[in-house]
$ cat protein_4.pdb   # PDB, C-alpha atoms
MODEL        1
ATOM      1  CA  MET A   1     -14.776  12.711 -11.910
ATOM      2  CA  SER A   2     -12.107  12.523  -9.221
ATOM      3  CA  GLY A   3      -9.510  14.549 -11.098
ATOM      4  CA  PHE A   4      -6.746  12.081 -10.285
ATOM      5  CA  ALA A   5      -4.346  11.345 -13.128
ATOM      6  CA  LEU A   6      -1.312   9.086 -13.408
ATOM      7  CA  LYS A   7       1.278   9.562 -16.131
ATOM      8  CA  ILE A   8       3.108   6.452 -17.249
ATOM      9  CA  ALA A   9       5.278   5.622 -20.254
ATOM     10  CA  LYS A  10       3.890   3.103 -22.743
ATOM     11  CA  GLU A  11       6.948   0.928 -22.160
ATOM     12  CA  LEU A  12       6.084   0.617 -18.446
ATOM     13  CA  ILE A  13       2.477  -0.335 -19.222
ATOM     14  CA  HIS A  14       3.863  -3.020 -21.561
ATOM     15  CA  ARG A  15       6.092  -4.304 -18.752
ATOM     16  CA  ILE A  16       3.093  -4.538 -16.392
ATOM     17  CA  HIS A  17       1.149  -6.400 -19.081
ATOM     18  CA  ALA A  18       4.092  -8.743 -19.677
ATOM     19  CA  HIS A  19       4.308  -9.521 -15.963
ATOM     20  CA  GLY A  20       0.592 -10.335 -15.851
ATOM     21  CA  VAL A  21       0.964 -12.608 -18.887
ATOM     22  CA  GLU A  22       4.048 -14.295 -17.389
ATOM     23  CA  THR A  23       2.264 -15.201 -14.145
ATOM     24  CA  TYR A  24      -1.133 -16.027 -15.700
ATOM     25  CA  PRO A  25      -3.364 -17.697 -14.471
ATOM     26  CA  HIS A  26      -1.954 -16.367 -11.217
ATOM     27  CA  GLU A  27      -2.053 -12.731 -10.116
ATOM     28  CA  CYS A  28       1.130 -10.737 -10.570
ATOM     29  CA  CYS A  29       2.094  -7.793  -8.364
ATOM     30  CA  GLY A  30       4.719  -5.096  -8.178
ATOM     31  CA  ALA A  31       5.563  -1.625  -6.982
ATOM     32  CA  LEU A  32       5.112   1.635  -8.858
ATOM     33  CA  LEU A  33       8.067   3.957  -8.341
ATOM     34  CA  GLY A  34       7.926   7.559  -9.413
ATOM     35  CA  SER A  35       7.131  11.076  -8.333
ATOM     36  CA  ASP A  36       4.203  12.856  -6.770
ATOM     37  CA  GLN A  37       4.458  16.607  -7.206
ATOM     38  CA  GLU A  38       2.159  19.618  -7.557
ATOM     39  CA  ALA A  39       2.270  19.104 -11.320
ATOM     40  CA  GLY A  40       0.987  15.558 -10.971
ATOM     41  CA  ARG A  41       1.921  11.971 -10.299
ATOM     42  CA  GLU A  42       4.081   9.935 -12.651
ATOM     43  CA  VAL A  43       5.324   6.356 -12.689
ATOM     44  CA  LEU A  44       9.015   6.323 -13.647
ATOM     45  CA  ASP A  45       9.973   2.728 -12.899
ATOM     46  CA  LEU A  46       8.572  -0.578 -11.693
ATOM     47  CA  LEU A  47       9.707  -3.171  -9.209
ATOM     48  CA  PRO A  48       8.104  -6.541 -10.041
ATOM     49  CA  LEU A  49       7.591  -8.582  -6.880
ATOM     50  CA  ALA A  50       6.729 -12.142  -5.992
ATOM     51  CA  ASN A  51       3.113 -12.804  -5.099
ATOM     52  CA  ARG A  52       3.409 -14.141  -1.544
ATOM     53  CA  ARG A  53      -0.126 -15.618  -1.585
ATOM     54  CA  ASP A  54       1.016 -19.010  -2.842
ATOM     55  CA  ASP A  55      -2.078 -20.530  -1.213
ATOM     56  CA  SER A  56      -4.490 -18.708  -3.534
ATOM     57  CA  PRO A  57      -2.530 -16.953  -6.283
ATOM     58  CA  ARG A  58      -5.267 -17.165  -8.900
ATOM     59  CA  ASN A  59      -7.368 -14.527  -7.154
ATOM     60  CA  ARG A  60      -5.194 -13.046  -4.376
ATOM     61  CA  PHE A  61      -1.895 -11.242  -4.102
ATOM     62  CA  GLU A  62       0.172 -10.067  -1.178
ATOM     63  CA  VAL A  63       3.285  -7.944  -0.781
ATOM     64  CA  THR A  64       4.913  -8.521   2.599
ATOM     65  CA  PRO A  65       6.254  -5.670   4.763
ATOM     66  CA  ASP A  66       9.802  -6.799   3.906
ATOM     67  CA  ASP A  67       8.965  -6.406   0.210
ATOM     68  CA  VAL A  68       7.395  -3.002   0.917
ATOM     69  CA  ARG A  69      10.637  -1.972   2.628
ATOM     70  CA  LEU A  70      12.588  -3.298  -0.381
ATOM     71  CA  ALA A  71      10.399  -1.201  -2.689
ATOM     72  CA  GLU A  72      10.968   1.887  -0.523
ATOM     73  CA  LYS A  73      14.732   1.265  -0.485
ATOM     74  CA  THR A  74      14.802   0.731  -4.255
ATOM     75  CA  ALA A  75      12.901   3.979  -4.773
ATOM     76  CA  ARG A  76      15.278   5.885  -2.460
ATOM     77  CA  GLU A  77      18.316   4.520  -4.313
ATOM     78  CA  LYS A  78      16.818   5.766  -7.573
ATOM     79  CA  LYS A  79      16.014   9.088  -5.863
ATOM     80  CA  ILE A  80      12.296   8.667  -6.509
ATOM     81  CA  ASP A  81       9.351   7.605  -4.365
ATOM     82  CA  LEU A  82       7.155   4.567  -3.847
ATOM     83  CA  ILE A  83       3.824   5.812  -5.210
ATOM     84  CA  GLY A  84       1.703   2.711  -5.598
ATOM     85  CA  TRP A  85       1.224  -0.857  -6.682
ATOM     86  CA  TYR A  86       0.116  -2.876  -9.662
ATOM     87  CA  HIS A  87      -1.491  -6.283  -9.838
ATOM     88  CA  SER A  88      -3.413  -8.368 -12.339
ATOM     89  CA  HIS A  89      -6.890  -9.859 -12.288
ATOM     90  CA  PRO A  90      -6.715 -13.122 -14.282
ATOM     91  CA  ASP A  91      -9.977 -13.640 -16.184
ATOM     92  CA  ALA A  92     -11.640 -10.934 -14.113
ATOM     93  CA  PRO A  93     -12.387  -7.260 -14.736
ATOM     94  CA  ALA A  94      -9.821  -4.528 -14.107
ATOM     95  CA  ARG A  95     -11.939  -3.129 -11.302
ATOM     96  CA  PRO A  96     -11.140  -3.184  -7.588
ATOM     97  CA  SER A  97     -12.911  -5.950  -5.734
ATOM     98  CA  GLU A  98     -14.353  -5.727  -2.237
ATOM     99  CA  PHE A  99     -11.246  -7.592  -1.090
ATOM    100  CA  ASP A 100      -9.069  -4.966  -2.764
ATOM    101  CA  ARG A 101     -10.977  -2.196  -0.990
ATOM    102  CA  GLU A 102     -10.840  -3.829   2.436
ATOM    103  CA  HIS A 103      -7.049  -4.128   2.190
ATOM    104  CA  ALA A 104      -6.154  -0.899   0.431
ATOM    105  CA  TRP A 105      -4.132   2.018   1.729
ATOM    106  CA  PRO A 106      -5.045   5.593   0.878
ATOM    107  CA  TRP A 107      -2.747   7.814  -1.197
ATOM    108  CA  TYR A 108      -1.191   5.003  -3.249
ATOM    109  CA  SER A 109      -2.108   4.554  -6.914
ATOM    110  CA  TYR A 110      -3.365   1.040  -7.612
ATOM    111  CA  ILE A 111      -3.004  -0.118 -11.229
ATOM    112  CA  ILE A 112      -5.016  -3.208 -12.150
ATOM    113  CA  VAL A 113      -4.662  -5.073 -15.449
ATOM    114  CA  SER A 114      -7.234  -7.625 -16.536
ATOM    115  CA  VAL A 115      -5.520 -10.625 -18.157
ATOM    116  CA  GLN A 116      -8.120 -12.597 -20.099
ATOM    117  CA  LYS A 117      -7.083 -16.086 -21.247
ATOM    118  CA  GLY A 118      -3.461 -15.053 -21.097
ATOM    119  CA  GLU A 119      -3.925 -11.753 -22.957
ATOM    120  CA  PRO A 120      -3.696  -8.325 -21.278
ATOM    121  CA  ARG A 121      -6.867  -6.296 -21.702
ATOM    122  CA  ASP A 122      -8.189  -3.303 -19.738
ATOM    123  CA  THR A 123      -5.721  -1.436 -17.545
ATOM    124  CA  THR A 124      -7.084   0.929 -14.930
ATOM    125  CA  SER A 125      -5.826   2.862 -11.925
ATOM    126  CA  TRP A 126      -7.532   3.729  -8.653
ATOM    127  CA  ARG A 127      -7.113   5.632  -5.393
ATOM    128  CA  LEU A 128      -8.870   4.680  -2.154
ATOM    129  CA  GLN A 129     -11.173   7.418  -0.856
ATOM    130  CA  ASP A 130     -10.416   8.991   2.544
ATOM    131  CA  ASP A 131     -13.374   7.271   4.230
ATOM    132  CA  ARG A 132     -12.372   3.874   2.719
ATOM    133  CA  GLY A 133     -15.886   3.546   1.309
ATOM    134  CA  ALA A 134     -14.913   3.312  -2.333
ATOM    135  CA  TYR A 135     -12.186   4.089  -4.856
ATOM    136  CA  ASP A 136     -11.812   7.114  -7.094
ATOM    137  CA  PRO A 137     -10.751   6.240 -10.637
ATOM    138  CA  GLU A 138      -7.406   7.665 -11.701
ATOM    139  CA  THR A 139      -6.977   8.552 -15.360
ATOM    140  CA  ILE A 140      -3.957   6.822 -16.878
ATOM    141  CA  GLU A 141      -2.133   9.233 -19.216
ATOM    142  CA  ILE A 142       0.146   7.177 -21.420
ATOM    143  CA  LYS A 143       3.336   8.869 -22.598
ATOM    144  CA  ALA A 144       4.948   7.649 -25.799
TER     145      ALA A 144
ATOM    146  CA  MET B  13       8.046   7.540  27.950
ATOM    147  CA  ALA B  14       8.556   9.663  24.847
ATOM    148  CA  VAL B  15       8.558   7.440  21.781
ATOM    149  CA  LYS B  16       8.661   8.252  18.085
ATOM    150  CA  VAL B  17       6.030   6.773  15.793
ATOM    151  CA  MET B  18       7.123   6.606  12.140
ATOM    152  CA  ILE B  19       4.239   7.382   9.782
ATOM    153  CA  PRO B  20       4.240   5.546   6.437
ATOM    154  CA  THR B  21       3.839   7.657   3.301
ATOM    155  CA  PRO B  22       0.190   6.733   2.613
ATOM    156  CA  LEU B  23      -0.896   7.990   6.038
ATOM    157  CA  ARG B  24       1.070  11.244   6.227
ATOM    158  CA  ALA B  25      -1.779  13.317   4.835
ATOM    159  CA  TYR B  26      -3.783  12.323   7.926
ATOM    160  CA  ALA B  27      -0.939  13.157  10.332
ATOM    161  CA  GLY B  28      -0.336  16.762   9.416
ATOM    162  CA  LYS B  29       2.026  15.644   6.602
ATOM    163  CA  LYS B  30       4.522  14.487   9.217
ATOM    164  CA  ASP B  31       6.754  11.460   8.719
ATOM    165  CA  SER B  32       7.027  10.913  12.476
ATOM    166  CA  VAL B  33       5.111  11.907  15.591
ATOM    167  CA  GLU B  34       6.365  11.898  19.192
ATOM    168  CA  VAL B  35       3.938  10.543  21.773
ATOM    169  CA  ALA B  36       4.061   9.648  25.450
ATOM    170  CA  ALA B  37       3.330   5.956  26.061
ATOM    171  CA  THR B  38       4.411   2.846  27.936
ATOM    172  CA  THR B  39       2.978   0.302  25.477
ATOM    173  CA  VAL B  40       2.328   0.106  21.740
ATOM    174  CA  ALA B  41      -1.417   0.273  22.432
ATOM    175  CA  GLU B  42      -0.974   3.512  24.376
ATOM    176  CA  ALA B  43       1.231   4.965  21.657
ATOM    177  CA  LEU B  44      -1.281   4.207  18.893
ATOM    178  CA  ALA B  45      -4.127   5.537  21.042
ATOM    179  CA  ALA B  46      -2.186   8.756  21.627
ATOM    180  CA  LEU B  47      -1.433   8.985  17.914
ATOM    181  CA  THR B  48      -5.064   8.512  16.837
ATOM    182  CA  SER B  49      -6.255  10.841  19.595
ATOM    183  CA  GLN B  50      -4.048  13.553  18.119
ATOM    184  CA  PHE B  51      -4.847  12.629  14.492
ATOM    185  CA  GLY B  52      -8.360  11.180  14.440
ATOM    186  CA  ASP B  53      -8.428  10.535  10.686
ATOM    187  CA  LEU B  54      -5.691   7.926  11.078
ATOM    188  CA  LYS B  55      -7.891   5.669  13.122
ATOM    189  CA  LYS B  56     -10.006   4.122  10.369
ATOM    190  CA  HIS B  57      -6.917   3.250   8.326
ATOM    191  CA  LEU B  58      -5.164   1.573  11.265
ATOM    192  CA  PHE B  59      -8.049  -0.122  13.047
ATOM    193  CA  SER B  60     -11.101  -2.037  11.910
ATOM    194  CA  ASP B  61     -14.551  -1.354  13.379
ATOM    195  CA  ASP B  62     -13.966  -3.881  16.162
ATOM    196  CA  GLY B  63     -10.975  -1.912  17.397
ATOM    197  CA  ARG B  64      -8.322  -4.371  16.222
ATOM    198  CA  LEU B  65      -5.312  -3.406  14.172
ATOM    199  CA  ARG B  66      -6.096  -4.122  10.520
ATOM    200  CA  SER B  67      -4.344  -7.264   9.272
ATOM    201  CA  PHE B  68      -2.308  -5.352   6.686
ATOM    202  CA  VAL B  69      -0.964  -2.887   9.295
ATOM    203  CA  ASN B  70       2.347  -4.140  10.644
ATOM    204  CA  VAL B  71       3.838  -2.537  13.745
ATOM    205  CA  TYR B  72       7.456  -2.781  14.781
ATOM    206  CA  VAL B  73       9.234  -1.620  17.914
ATOM    207  CA  ASN B  74      12.829  -0.921  16.995
ATOM    208  CA  ASP B  75      12.569  -3.285  13.998
ATOM    209  CA  GLU B  76      10.905  -6.134  15.908
ATOM    210  CA  ASP B  77       7.413  -7.109  14.755
ATOM    211  CA  ILE B  78       5.053  -6.836  17.733
ATOM    212  CA  ARG B  79       3.336 -10.070  16.630
ATOM    213  CA  TYR B  80       6.448 -11.835  17.953
ATOM    214  CA  LEU B  81       6.572  -9.761  21.116
ATOM    215  CA  GLN B  82       3.592  -8.946  23.321
ATOM    216  CA  LYS B  83       1.465  -7.569  20.445
ATOM    217  CA  ASP B  84      -0.099  -4.232  21.353
ATOM    218  CA  GLN B  85       0.907  -4.761  24.983
ATOM    219  CA  THR B  86       4.562  -4.648  23.963
ATOM    220  CA  ALA B  87       6.297  -2.257  26.301
ATOM    221  CA  VAL B  88       8.081   0.763  24.909
ATOM    222  CA  ARG B  89      10.908   2.680  26.551
ATOM    223  CA  GLU B  90      12.177   6.224  26.280
ATOM    224  CA  GLY B  91      13.637   6.796  22.834
ATOM    225  CA  ASP B  92      12.096   3.696  21.213
ATOM    226  CA  THR B  93      10.871   3.937  17.641
ATOM    227  CA  ILE B  94       7.540   2.437  16.609
ATOM    228  CA  SER B  95       7.237   1.891  12.864
ATOM    229  CA  ILE B  96       4.001   1.333  10.988
ATOM    230  CA  VAL B  97       4.763  -0.663   7.832
ATOM    231  CA  PRO B  98       2.135  -1.645   5.268
ATOM    232  CA  SER B  99       1.472  -5.034   3.791
ATOM    233  CA  ILE B 100      -0.196  -4.748   0.409
ATOM    234  CA  ALA B 101      -2.933  -7.190  -0.449
ATOM    235  CA  GLY B 102      -5.837  -7.557  -2.799
ATOM    236  CA  GLY B 103      -7.188  -9.628  -5.608
ATOM    237  CA  ALA B 104     -10.015 -10.349  -7.934
ATOM    238  CA  ARG B 105     -13.457 -11.399  -6.730
ATOM    239  CA  ALA B 106     -13.516 -14.988  -5.490
TER     240      ALA B 106
ENDMDL
END

$ encode --input "protein_4.pdb" --output "structure tokens"
Amino acid sequence: MSGFALKIAKELIHRIHAHGVETYPHECCGALLGSDQEAGREVLDLLPLANRRDDSPRNRFEVTPDDVRLAEKTAREKKIDLIGWYHSHPDAPARPSEFDREHAWPWYSYIIVSVQKGEPRDTTSWRLQDDRGAYDPETIEIKA
Amino acid sequence: MAVKVMIPTPLRAYAGKKDSVEVAATTVAEALAALTSQFGDLKKHLFSDDGRLRSFVNVYVNDEDIRYLQKDQTAVREGDTISIVPSIAGGARA
């Protein structure tokens, strides 16, 4: 076990699910805003974003550097931090793909929700390992 | 030329927890080489095995994307700021 854990309120998980359902059968994406302290990492807000991969949105997503800067600015304004990203896998498992791994950044939490036939199913979170070889799973701790 | 390289949050752990590093360089390529020489663990996250900048690593000199300048041969002057800004990409298996 990696020991990584990510706290997130149930309401925010529901909002991620709703975004994935809204964009189905295309992938949704957005930023996770929150805090990363000694006591742990917690998602406190979301910033839904447009999937810029309009050439292949059913199995690809992209957040442009301008959108990353917007997410950082939004986090600063709320006096929190940009701590990761969420996206959906329509009709595919909530596990990082090889494509995910090749394009991932370390440190960020990556939440993936599997949306099967328009319904949200498994929701997982992951952190890229230092050597980029694989991901460590991150336990999602849902707060009421 | 002394230039400042801004380190994005996900890479700070590999740069001594710094949010910026000063290096001596005349081009972006020299600056990134100096940066990864000082902080070797950054290299694999910035460059692929063939030595090219990874596609999701965006580099700006004073807010101008180097793709629209001279790429890694873009000249830098004393006091310039080089920013490394992520793109985020991924997706389900094809």

$ resolve_selection --input "protein_4.pdb" --expression "the ChimeraX specification (/A :<8) & /B" --output "MDAnalysis selection string"
chainID B and resid 21:23 56:57 68 70 97:106

$ residues_around --input "protein_4.pdb" --residues "Leu58 (chain B)" --least-positions-apart "2" --cutoff "9 Å" --atoms "all atoms listed in the file" --output "PyMOL selection string"
chain B and resi 44+48+54-56+60+64-66+68-69

$ residues_around --input "protein_4.pdb" --residues "region 13-20 of chain A" --least-positions-apart "4" --cutoff "12 Å" --atoms "only C-alpha atoms" --output "PDB file with C-alpha atoms, keeping the file's coordinate frame"
ATOM      1  CA  LEU A   6      -1.312   9.086 -13.408  1.00  0.00           C
ATOM      2  CA  LYS A   7       1.278   9.562 -16.131  1.00  0.00           C
ATOM      3  CA  ILE A   8       3.108   6.452 -17.249  1.00  0.00           C
ATOM      4  CA  ALA A   9       5.278   5.622 -20.254  1.00  0.00           C
ATOM      5  CA  TYR A  24      -1.133 -16.027 -15.700  1.00  0.00           C
ATOM      6  CA  PRO A  25      -3.364 -17.697 -14.471  1.00  0.00           C
ATOM      7  CA  HIS A  26      -1.954 -16.367 -11.217  1.00  0.00           C
ATOM      8  CA  GLU A  27      -2.053 -12.731 -10.116  1.00  0.00           C
ATOM      9  CA  CYS A  28       1.130 -10.737 -10.570  1.00  0.00           C
ATOM     10  CA  CYS A  29       2.094  -7.793  -8.364  1.00  0.00           C
ATOM     11  CA  GLY A  30       4.719  -5.096  -8.178  1.00  0.00           C
ATOM     12  CA  ALA A  31       5.563  -1.625  -6.982  1.00  0.00           C
ATOM     13  CA  LEU A  32       5.112   1.635  -8.858  1.00  0.00           C
ATOM     14  CA  VAL A  43       5.324   6.356 -12.689  1.00  0.00           C
ATOM     15  CA  LEU A  44       9.015   6.323 -13.647  1.00  0.00           C
ATOM     16  CA  ASP A  45       9.973   2.728 -12.899  1.00  0.00           C
ATOM     17  CA  LEU A  46       8.572  -0.578 -11.693  1.00  0.00           C
ATOM     18  CA  LEU A  47       9.707  -3.171  -9.209  1.00  0.00           C
ATOM     19  CA  PRO A  48       8.104  -6.541 -10.041  1.00  0.00           C
ATOM     20  CA  LEU A  49       7.591  -8.582  -6.880  1.00  0.00           C
ATOM     21  CA  ALA A  50       6.729 -12.142  -5.992  1.00  0.00           C
ATOM     22  CA  ASN A  51       3.113 -12.804  -5.099  1.00  0.00           C
ATOM     23  CA  ARG A  58      -5.267 -17.165  -8.900  1.00  0.00           C
ATOM     24  CA  TRP A  85       1.224  -0.857  -6.682  1.00  0.00           C
ATOM     25  CA  TYR A  86       0.116  -2.876  -9.662  1.00  0.00           C
ATOM     26  CA  HIS A  87      -1.491  -6.283  -9.838  1.00  0.00           C
ATOM     27  CA  SER A  88      -3.413  -8.368 -12.339  1.00  0.00           C
ATOM     28  CA  HIS A  89      -6.890  -9.859 -12.288  1.00  0.00           C
ATOM     29  CA  PRO A  90      -6.715 -13.122 -14.282  1.00  0.00           C
ATOM     30  CA  ASP A  91      -9.977 -13.640 -16.184  1.00  0.00           C
ATOM     31  CA  ILE A 111      -3.004  -0.118 -11.229  1.00  0.00           C
ATOM     32  CA  ILE A 112      -5.016  -3.208 -12.150  1.00  0.00           C
ATOM     33  CA  VAL A 113      -4.662  -5.073 -15.449  1.00  0.00           C
ATOM     34  CA  SER A 114      -7.234  -7.625 -16.536  1.00  0.00           C
ATOM     35  CA  VAL A 115      -5.520 -10.625 -18.157  1.00  0.00           C
ATOM     36  CA  GLN A 116      -8.120 -12.597 -20.099  1.00  0.00           C
ATOM     37  CA  LYS A 117      -7.083 -16.086 -21.247  1.00  0.00           C
ATOM     38  CA  GLY A 118      -3.461 -15.053 -21.097  1.00  0.00           C
ATOM     39  CA  GLU A 119      -3.925 -11.753 -22.957  1.00  0.00           C
ATOM     40  CA  PRO A 120      -3.696  -8.325 -21.278  1.00  0.00           C
ATOM     41  CA  ARG A 121      -6.867  -6.296 -21.702  1.00  0.00           C
ATOM     42  CA  ASP A 122      -8.189  -3.303 -19.738  1.00  0.00           C
ATOM     43  CA  THR A 123      -5.721  -1.436 -17.545  1.00  0.00           C
ATOM     44  CA  THR A 124      -7.084   0.929 -14.930  1.00  0.00           C
ATOM     45  CA  SER A 125      -5.826   2.862 -11.925  1.00  0.00           C
ATOM     46  CA  ILE A 140      -3.957   6.822 -16.878  1.00  0.00           C
ATOM     47  CA  GLU A 141      -2.133   9.233 -19.216  1.00  0.00           C
ATOM     48  CA  ILE A 142       0.146   7.177 -21.420  1.00  0.00           C
ATOM     49  CA  LYS A 143       3.336   8.869 -22.598  1.00  0.00           C
ATOM     50  CA  ALA A 144       4.948   7.649 -25.799  1.00  0.00           C
TER      51      ALA A 144
END

$ resolve_selection --input "protein_4.pdb" --expression "the PyMOL selection byres ((chain B and resi 32) around 8)" --output "PDB file with C-alpha atoms, in the frame of the given file"
ATOM      1  CA  LYS B  16       8.661   8.252  18.085  1.00  0.00           C
ATOM      2  CA  VAL B  17       6.030   6.773  15.793  1.00  0.00           C
ATOM      3  CA  MET B  18       7.123   6.606  12.140  1.00  0.00           C
ATOM      4  CA  ILE B  19       4.239   7.382   9.782  1.00  0.00           C
ATOM      5  CA  LYS B  30       4.522  14.487   9.217  1.00  0.00           C
ATOM      6  CA  ASP B  31       6.754  11.460   8.719  1.00  0.00           C
ATOM      7  CA  VAL B  33       5.111  11.907  15.591  1.00  0.00           C
ATOM      8  CA  GLU B  34       6.365  11.898  19.192  1.00  0.00           C
TER       9      GLU B  34
END

$ residues_around --input "protein_4.pdb" --residues "Asn74 (chain B)" --least-positions-apart "6" --cutoff "12 Å" --atoms "all atoms listed in the file" --output "compact mmCIF listing (two decimals) with C-alpha atoms, in the frame of the given file"
# COMPACT_ATOMS: atom_id res chain seq x y z
CA VAL B 15 8.56 7.44 21.78
CA LYS B 16 8.66 8.25 18.08
CA VAL B 17 6.03 6.77 15.79
CA MET B 18 7.12 6.61 12.14
CA VAL B 40 2.33 0.11 21.74
CA LEU B 81 6.57 -9.76 21.12
CA THR B 86 4.56 -4.65 23.96
CA ALA B 87 6.30 -2.26 26.30
CA VAL B 88 8.08 0.76 24.91
CA ARG B 89 10.91 2.68 26.55
CA GLU B 90 12.18 6.22 26.28
CA GLY B 91 13.64 6.80 22.83
CA ASP B 92 12.10 3.70 21.21
CA THR B 93 10.87 3.94 17.64
CA ILE B 94 7.54 2.44 16.61
CA SER B 95 7.24 1.89 12.86
CA ILE B 96 4.00 1.33 10.99

$ axis_aligned_box --input "protein_4.pdb" --around "region 39-45 of chain B" --padding-each-side "6 Å" --output "AutoDock Vina command-line options"
--center_x -0.6 --center_y 2.8 --center_z 22.2 --size_x 19.1 --size_y 17.4 --size_z 18.6

$ atom_distance --input "protein_4.pdb" --atom1 "CA of Thr23 (chain A)" --atom2 "CA of Asp55 (chain A)"
14.6 Å

$ closest_residue --input "protein_4.pdb" --among "B:Ala36, B:Leu47, B:Ala14, B:Ala41" --to "Asp84 (chain B)" --atoms "only C-alpha atoms"
B:Ala41

$ atom_distance --input "protein_4.pdb" --atom1 "CA of Asp62 (chain B)" --atom2 "CA of Gly133 (chain A)"
16.7 Å

$ closest_residue --input "protein_4.pdb" --among "B:Tyr72, B:Gln85, B:Asp61, B:Ala25" --to "Glu42 (chain B)" --atoms "only C-alpha atoms"
B:Gln85

$ closest_residue --input "protein_4.pdb" --among "A:Asp136, A:Leu33, A:Ala39, A:Glu22" --to "Ala75 (chain A)" --atoms "only C-alpha atoms"
A:Leu33

$ atom_distance --input "protein_4.pdb" --atom1 "CA of Gly28 (chain B)" --atom2 "CA of Met13 (chain B)"
22.3 Å

$ resolve_selection --input "protein_4.pdb" --expression "the PyMOL selection byres ((chain A and resi 127) around 6)" --output "ChimeraX atom specification"
/A:109,126,128,135-136

$ write_last_selection --input "protein_4.pdb" --atoms "C-alpha atoms" --output "CSV table (one decimal), in the frame of the given file"
chain,number,residue,atom,x,y,z
A,109,SER,CA,-2.1,4.6,-6.9
A,126,TRP,CA,-7.5,3.7,-8.7
A,128,LEU,CA,-8.9,4.7,-2.2
A,135,TYR,CA,-12.2,4.1,-4.9
A,136,ASP,CA,-11.8,7.1,-7.1
